[in-house]
Amino acid sequence: MSMMVRCNSSPRFNVFLLDFLSENTVITLADWYHTPAPSAGLVPTPDATLINGLGRTSGGDATPLAVINVIRGKRYRFRLVAISCDANFIFSIDGHNMTIIEVDGVNHRPLMVDSIQIFAGQRYSVIVRADKPISNYWIRAQPNVGDIDFDGGLNSAILRYRGAAIEEPTTSSNLSNPLVETNLHPLNRPGAPGGNRTADVSYVLDIQFGSDRKFTVNGATFTTPTAPVLLQIMSGAQSATDLLPSGSVYVLPPNKVIELIIPGGAVGSPHPFHLHGHTFDVIRSAGSSVYNYANPVRRDVVSVGQAGDNVTIRFKTDNPGPWFLHCHIDWHLEIGLAIVFAEDIPTIAKSSPPPAWNDLCPLYNNAMGSNN
């Protein structure tokens, strides 16, 4: 399931004069497991890739594949969403370029590519021109784990032009212009908070995988507390030493520039990190040693890359609350790869919950058939 929020005031909406924009142009990429968790193991390997909920598995039946129907001569906005537990994908459409206009909900300057590596939790909007001969074309989502080929329709869907035969494509892939994250630049208000001056608060997040088969961030494994951090603060907790889980909560002051440095290369890399409550500017991307303060990509999920990478992000603490930073690979989150930022604790502590707050427990108890 995906949720799409339209913004009719998008400054690029009329520039592209899109012919089609609807919920039917959402493309979800998922990994599929035949064995349910947790019996599948600590970090299981997916059995198939699903595109819009359909896919095939190696050695399995030639089940129906997802079909995206287009009309020759029209332009489409495809909203690409990675909803996978683990896999990242290299997404492409045979014979077609894609122009990226949005990244994780943030409008960006148009960038033409022919493939996109998309990590769990990331989203892109792309413009695709249906300007090729009427036929069927393979849509490909090559995962980084499991079966990575396309034999027999694995990891694939179909782009079908109106008037084309109802049959599977025979097209081939010839890629030469992949997305490079550092080429993405925000359309509105570009520039990292604080410019090139030193950030007000800076943390290096050291990720390790221990002999106990748990992840740690700066020596602490995240475990779900018995009370959410929000309730802890509203009950009087004020400092990181008071907040649980111990070692996993970082207190941030209001209206300051925060810089996070996340070295790559930990077991299970590349890790896609997602920050709740904020978008951030990626001033140093995976695969690059260049720091860009002027117009870096702005998003809310970033791959921290491999050994030697030193991904660096910035945001401003202008949204009070307890905000989760976690690896978007579900298996890694389950074994502790997360922290919480407690942003502007005084403002949180003096906030007054709405009246509906008091209805939450009775509603839950009634739903569960309990009076406790």
# chains A, B, ... in the order shown; residues from 1 in each chain; ligands from 1

$ residues_around --residues "Thr224 of chain A" --least-positions-apart "6" --cutoff "12 Å" --atoms "only C-alpha atoms" --output "list in words"
Leu243, Leu244, Pro245, Ser246, Ser248, Val249, Phe324, Leu333, Glu334, Ile335, Gly336, Leu337, Ala338, Ile339 and Val340 of chain A

$ write_last_selection --atoms "C-alpha atoms" --output "short mmCIF file (atom, residue, chain, number, x, y, z; two decimals), in the first residue's frame"
data_model
loop_
_atom_site.label_atom_id
_atom_site.label_comp_id
_atom_site.auth_asym_id
_atom_site.auth_seq_id
_atom_site.Cartn_x
_atom_site.Cartn_y
_atom_site.Cartn_z
CA LEU A 243 15.57 8.95 28.96
CA LEU A 244 15.27 5.35 27.82
CA PRO A 245 16.61 3.37 26.10
CA SER A 246 19.88 4.26 27.78
CA SER A 248 20.16 5.71 22.43
CA VAL A 249 18.54 9.11 23.09
CA PHE A 324 13.58 8.47 15.24
CA LEU A 333 16.11 -2.07 12.85
CA GLU A 334 14.88 -5.17 14.65
CA ILE A 335 18.39 -5.82 15.98
CA GLY A 336 19.04 -2.33 17.23
CA LEU A 337 20.19 -0.04 14.43
CA ALA A 338 18.45 3.17 15.55
CA ILE A 339 18.61 6.17 17.87
CA VAL A 340 16.15 8.89 18.98
#

$ closest_atom_pairs --of "segment 159-269 of chain A" --to "segment 349-355 of chain A" --cutoff "12 Å" --atoms "only C-alpha atoms" --output "CSV"
residue,atom,partner,partner_atom,distance
A:Val229,CA,A:Ala349,CA,11.2
A:Leu230,CA,A:Ala349,CA,8.7
A:Leu231,CA,A:Ala349,CA,9.2
A:Gln232,CA,A:Ala349,CA,9.3
A:Ile233,CA,A:Ala349,CA,5.8
A:Met234,CA,A:Ala349,CA,4.8
A:Ser235,CA,A:Ala349,CA,7.8
A:Gly236,CA,A:Ala349,CA,7.1
A:Ala237,CA,A:Ala349,CA,8.6
A:Gln238,CA,A:Ala349,CA,8.4
A:Ser239,CA,A:Ala349,CA,11.8

$ write_last_selection --atoms "N, CA and C atoms" --output "PDB file, in the first residue's frame"
ATOM      1  N   VAL A 229       9.381   7.719  24.155  1.00  0.00           N
ATOM      2  CA  VAL A 229      10.177   8.865  24.595  1.00  0.00           C
ATOM      3  C   VAL A 229       9.288  10.094  24.801  1.00  0.00           C
ATOM      4  N   LEU A 230       8.283  10.286  23.971  1.00  0.00           N
ATOM      5  CA  LEU A 230       7.377  11.424  24.138  1.00  0.00           C
ATOM      6  C   LEU A 230       6.722  11.405  25.511  1.00  0.00           C
ATOM      7  N   LEU A 231       6.214  10.248  25.913  1.00  0.00           N
ATOM      8  CA  LEU A 231       5.559  10.155  27.223  1.00  0.00           C
ATOM      9  C   LEU A 231       6.558  10.307  28.358  1.00  0.00           C
ATOM     10  N   GLN A 232       7.779   9.825  28.163  1.00  0.00           N
ATOM     11  CA  GLN A 232       8.802  10.014  29.196  1.00  0.00           C
ATOM     12  C   GLN A 232       9.051  11.499  29.436  1.00  0.00           C
ATOM     13  N   ILE A 233       9.154  12.276  28.332  1.00  0.00           N
ATOM     14  CA  ILE A 233       9.411  13.717  28.470  1.00  0.00           C
ATOM     15  C   ILE A 233       8.222  14.407  29.122  1.00  0.00           C
ATOM     16  N   MET A 234       7.017  14.045  28.712  1.00  0.00           N
ATOM     17  CA  MET A 234       5.827  14.683  29.283  1.00  0.00           C
ATOM     18  C   MET A 234       5.608  14.296  30.736  1.00  0.00           C
ATOM     19  N   SER A 235       6.297  13.218  31.165  1.00  0.00           N
ATOM     20  CA  SER A 235       6.211  12.794  32.566  1.00  0.00           C
ATOM     21  C   SER A 235       7.324  13.379  33.418  1.00  0.00           C
ATOM     22  N   GLY A 236       8.216  14.199  32.797  1.00  0.00           N
ATOM     23  CA  GLY A 236       9.205  14.909  33.592  1.00  0.00           C
ATOM     24  C   GLY A 236      10.652  14.630  33.273  1.00  0.00           C
ATOM     25  N   ALA A 237      10.957  13.635  32.431  1.00  0.00           N
ATOM     26  CA  ALA A 237      12.358  13.365  32.087  1.00  0.00           C
ATOM     27  C   ALA A 237      12.913  14.522  31.271  1.00  0.00           C
ATOM     28  N   GLN A 238      14.139  14.969  31.601  1.00  0.00           N
ATOM     29  CA  GLN A 238      14.692  16.173  30.986  1.00  0.00           C
ATOM     30  C   GLN A 238      16.046  15.979  30.316  1.00  0.00           C
ATOM     31  N   SER A 239      16.768  14.969  30.675  1.00  0.00           N
ATOM     32  CA  SER A 239      18.129  14.806  30.153  1.00  0.00           C
ATOM     33  C   SER A 239      18.295  13.438  29.518  1.00  0.00           C
TER      34      SER A 239
END

$ select_by_dssp --residues "segment 87-125 of chain A" --states "strand (DSSP E)" --output "mmCIF file with C-alpha atoms, in the first residue's frame"
data_model
loop_
_atom_site.group_PDB
_atom_site.id
_atom_site.type_symbol
_atom_site.label_atom_id
_atom_site.label_comp_id
_atom_site.auth_asym_id
_atom_site.auth_seq_id
_atom_site.Cartn_x
_atom_site.Cartn_y
_atom_site.Cartn_z
ATOM 1 C CA PHE A 89 17.002 -1.800 -6.621
ATOM 2 C CA ILE A 90 18.402 -0.433 -9.856
ATOM 3 C CA PHE A 91 15.253 0.713 -11.625
ATOM 4 C CA SER A 92 15.040 1.288 -15.378
ATOM 5 C CA ILE A 93 12.670 1.097 -18.341
ATOM 6 C CA MET A 98 13.489 9.338 -16.849
ATOM 7 C CA THR A 99 13.590 12.931 -15.638
ATOM 8 C CA ILE A 100 13.698 13.127 -11.841
ATOM 9 C CA ILE A 101 11.688 16.075 -10.452
ATOM 10 C CA GLU A 102 11.076 15.067 -6.810
ATOM 11 C CA VAL A 103 13.073 13.255 -4.132
ATOM 12 C CA VAL A 106 11.036 17.525 -2.067
ATOM 13 C CA ASN A 107 10.929 19.197 -5.507
ATOM 14 C CA HIS A 108 14.295 19.103 -7.252
ATOM 15 C CA ARG A 109 15.672 20.570 -10.449
ATOM 16 C CA PRO A 110 14.945 18.242 -13.387
ATOM 17 C CA LEU A 111 17.653 15.639 -13.896
ATOM 18 C CA MET A 112 17.552 13.151 -16.772
ATOM 19 C CA VAL A 113 18.848 9.618 -16.099
ATOM 20 C CA ILE A 116 17.965 4.948 -10.494
ATOM 21 C CA GLN A 117 19.393 3.042 -7.559
ATOM 22 C CA ILE A 118 16.635 3.351 -4.980
ATOM 23 C CA ARG A 123 10.829 7.867 -3.181
ATOM 24 C CA TYR A 124 11.278 9.562 -6.546
ATOM 25 C CA SER A 125 8.952 11.208 -9.051
#

$ residues_around --residues "segment 185-201 of chain A" --least-positions-apart "5" --cutoff "12 Å" --atoms "only C-alpha atoms" --output "JSON, numbers by chain"
{"A": [10, 11, 12, 100, 101, 102, 103, 104, 105, 106, 107, 108, 109, 110, 111, 180, 250, 251, 252, 253, 254, 255, 256, 257, 258, 259, 260, 261, 279, 280, 281, 282, 283, 284, 291, 292, 293, 294, 295, 296, 297, 298, 299, 312, 313, 314, 315, 316, 317, 318]}

$ residues_around --residues "Gly146 of chain A" --least-positions-apart "5" --cutoff "9 Å" --atoms "only C-alpha atoms" --output "PyMOL selection string"
chain A and resi 45-49+87

$ atom_distance --atom1 "atom CA of Ser58 of chain A" --atom2 "atom CA of Leu154 of chain A"
7.1 Å

$ closest_atom_pairs --of "segment 198-229 of chain A" --to "segment 270-278 of chain A" --cutoff "12 Å" --atoms "only C-alpha atoms" --output "Markdown table"
| residue | atom | partner | partner_atom | distance |
| --- | --- | --- | --- | --- |
| A:Leu205 | CA | A:Phe273 | CA | 11.5 |
| A:Ile207 | CA | A:His271 | CA | 10.1 |
| A:Phe215 | CA | A:His271 | CA | 11.8 |

$ closest_residue --among "A:Ser303, A:Ser156, A:Asn366, A:Asn358" --to "Thr171 of chain A" --atoms "only C-alpha atoms"
A:Ser156

$ select_by_dssp --residues "segment 246-347 of chain A" --states "alpha helix (DSSP H)" --output "PyMOL selection string"
chain A and resi 330-334+345-347

$ write_last_selection --atoms "N, CA, C and O atoms" --output "PDB file, in the first residue's frame"
ATOM      1  N   ASP A 330      14.463  -3.489   7.535  1.00  0.00           N
ATOM      2  CA  ASP A 330      13.680  -3.929   8.692  1.00  0.00           C
ATOM      3  C   ASP A 330      14.462  -4.856   9.607  1.00  0.00           C
ATOM      4  O   ASP A 330      14.357  -4.775  10.841  1.00  0.00           O
ATOM      5  N   TRP A 331      15.223  -5.755   9.011  1.00  0.00           N
ATOM      6  CA  TRP A 331      15.971  -6.731   9.820  1.00  0.00           C
ATOM      7  C   TRP A 331      16.994  -6.023  10.695  1.00  0.00           C
ATOM      8  O   TRP A 331      17.270  -6.473  11.818  1.00  0.00           O
ATOM      9  N   HIS A 332      17.578  -4.954  10.203  1.00  0.00           N
ATOM     10  CA  HIS A 332      18.601  -4.220  10.967  1.00  0.00           C
ATOM     11  C   HIS A 332      17.967  -3.391  12.079  1.00  0.00           C
ATOM     12  O   HIS A 332      18.519  -3.291  13.186  1.00  0.00           O
ATOM     13  N   LEU A 333      16.816  -2.803  11.801  1.00  0.00           N
ATOM     14  CA  LEU A 333      16.106  -2.071  12.853  1.00  0.00           C
ATOM     15  C   LEU A 333      15.727  -3.014  13.994  1.00  0.00           C
ATOM     16  O   LEU A 333      15.849  -2.662  15.177  1.00  0.00           O
ATOM     17  N   GLU A 334      15.303  -4.202  13.641  1.00  0.00           N
ATOM     18  CA  GLU A 334      14.880  -5.169  14.652  1.00  0.00           C
ATOM     19  C   GLU A 334      16.010  -5.533  15.601  1.00  0.00           C
ATOM     20  O   GLU A 334      15.767  -5.850  16.772  1.00  0.00           O
ATOM     21  N   ILE A 345      13.386  19.716  24.346  1.00  0.00           N
ATOM     22  CA  ILE A 345      12.637  19.079  25.431  1.00  0.00           C
ATOM     23  C   ILE A 345      11.732  20.068  26.180  1.00  0.00           C
ATOM     24  O   ILE A 345      10.576  19.724  26.484  1.00  0.00           O
ATOM     25  N   PRO A 346      12.176  21.296  26.501  1.00  0.00           N
ATOM     26  CA  PRO A 346      11.273  22.202  27.241  1.00  0.00           C
ATOM     27  C   PRO A 346       9.948  22.456  26.520  1.00  0.00           C
ATOM     28  O   PRO A 346       8.886  22.505  27.152  1.00  0.00           O
ATOM     29  N   THR A 347       9.994  22.613  25.206  1.00  0.00           N
ATOM     30  CA  THR A 347       8.759  22.845  24.454  1.00  0.00           C
ATOM     31  C   THR A 347       7.872  21.608  24.470  1.00  0.00           C
ATOM     32  O   THR A 347       6.639  21.706  24.609  1.00  0.00           O
TER      33      THR A 347
END

$ atom_distance --atom1 "atom CA of Ala240 of chain A" --atom2 "atom CA of Thr221 of chain A"
15.1 Å

$ closest_residue --among "A:Asp149, A:His34, A:Asn97, A:Ile329" --to "Cys85 of chain A" --atoms "only C-alpha atoms"
A:Ile329

$ closest_residue --among "A:Asn88, A:Leu175, A:Asp94, A:Thr241" --to "Ile148 of chain A" --atoms "only C-alpha atoms"
A:Asn88

$ atom_distance --atom1 "atom CA of Ala37 of chain A" --atom2 "atom CA of Thr223 of chain A"
18.4 Å

$ closest_residue --among "A:Tyr33, A:Phe78, A:Phe150, A:Trp138" --to "Thr170 of chain A" --atoms "only C-alpha atoms"
A:Trp138

$ closest_residue --among "A:Thr226, A:Asn52, A:Gln122, A:Thr182" --to "Ala286 of chain A" --atoms "only C-alpha atoms"
A:Thr182

$ residues_around --residues "segment 62-76 of chain A" --least-positions-apart "5" --cutoff "9 Å" --atoms "only C-alpha atoms" --output "JSON, numbers by chain"
{"A": [16, 17, 18, 19, 20, 21, 24, 25, 27, 50, 51, 52, 53, 54, 55, 56, 57, 126, 127, 128, 129, 130, 131, 132, 133, 134, 139, 152, 153, 156, 157, 158, 159, 160, 161, 162, 163]}
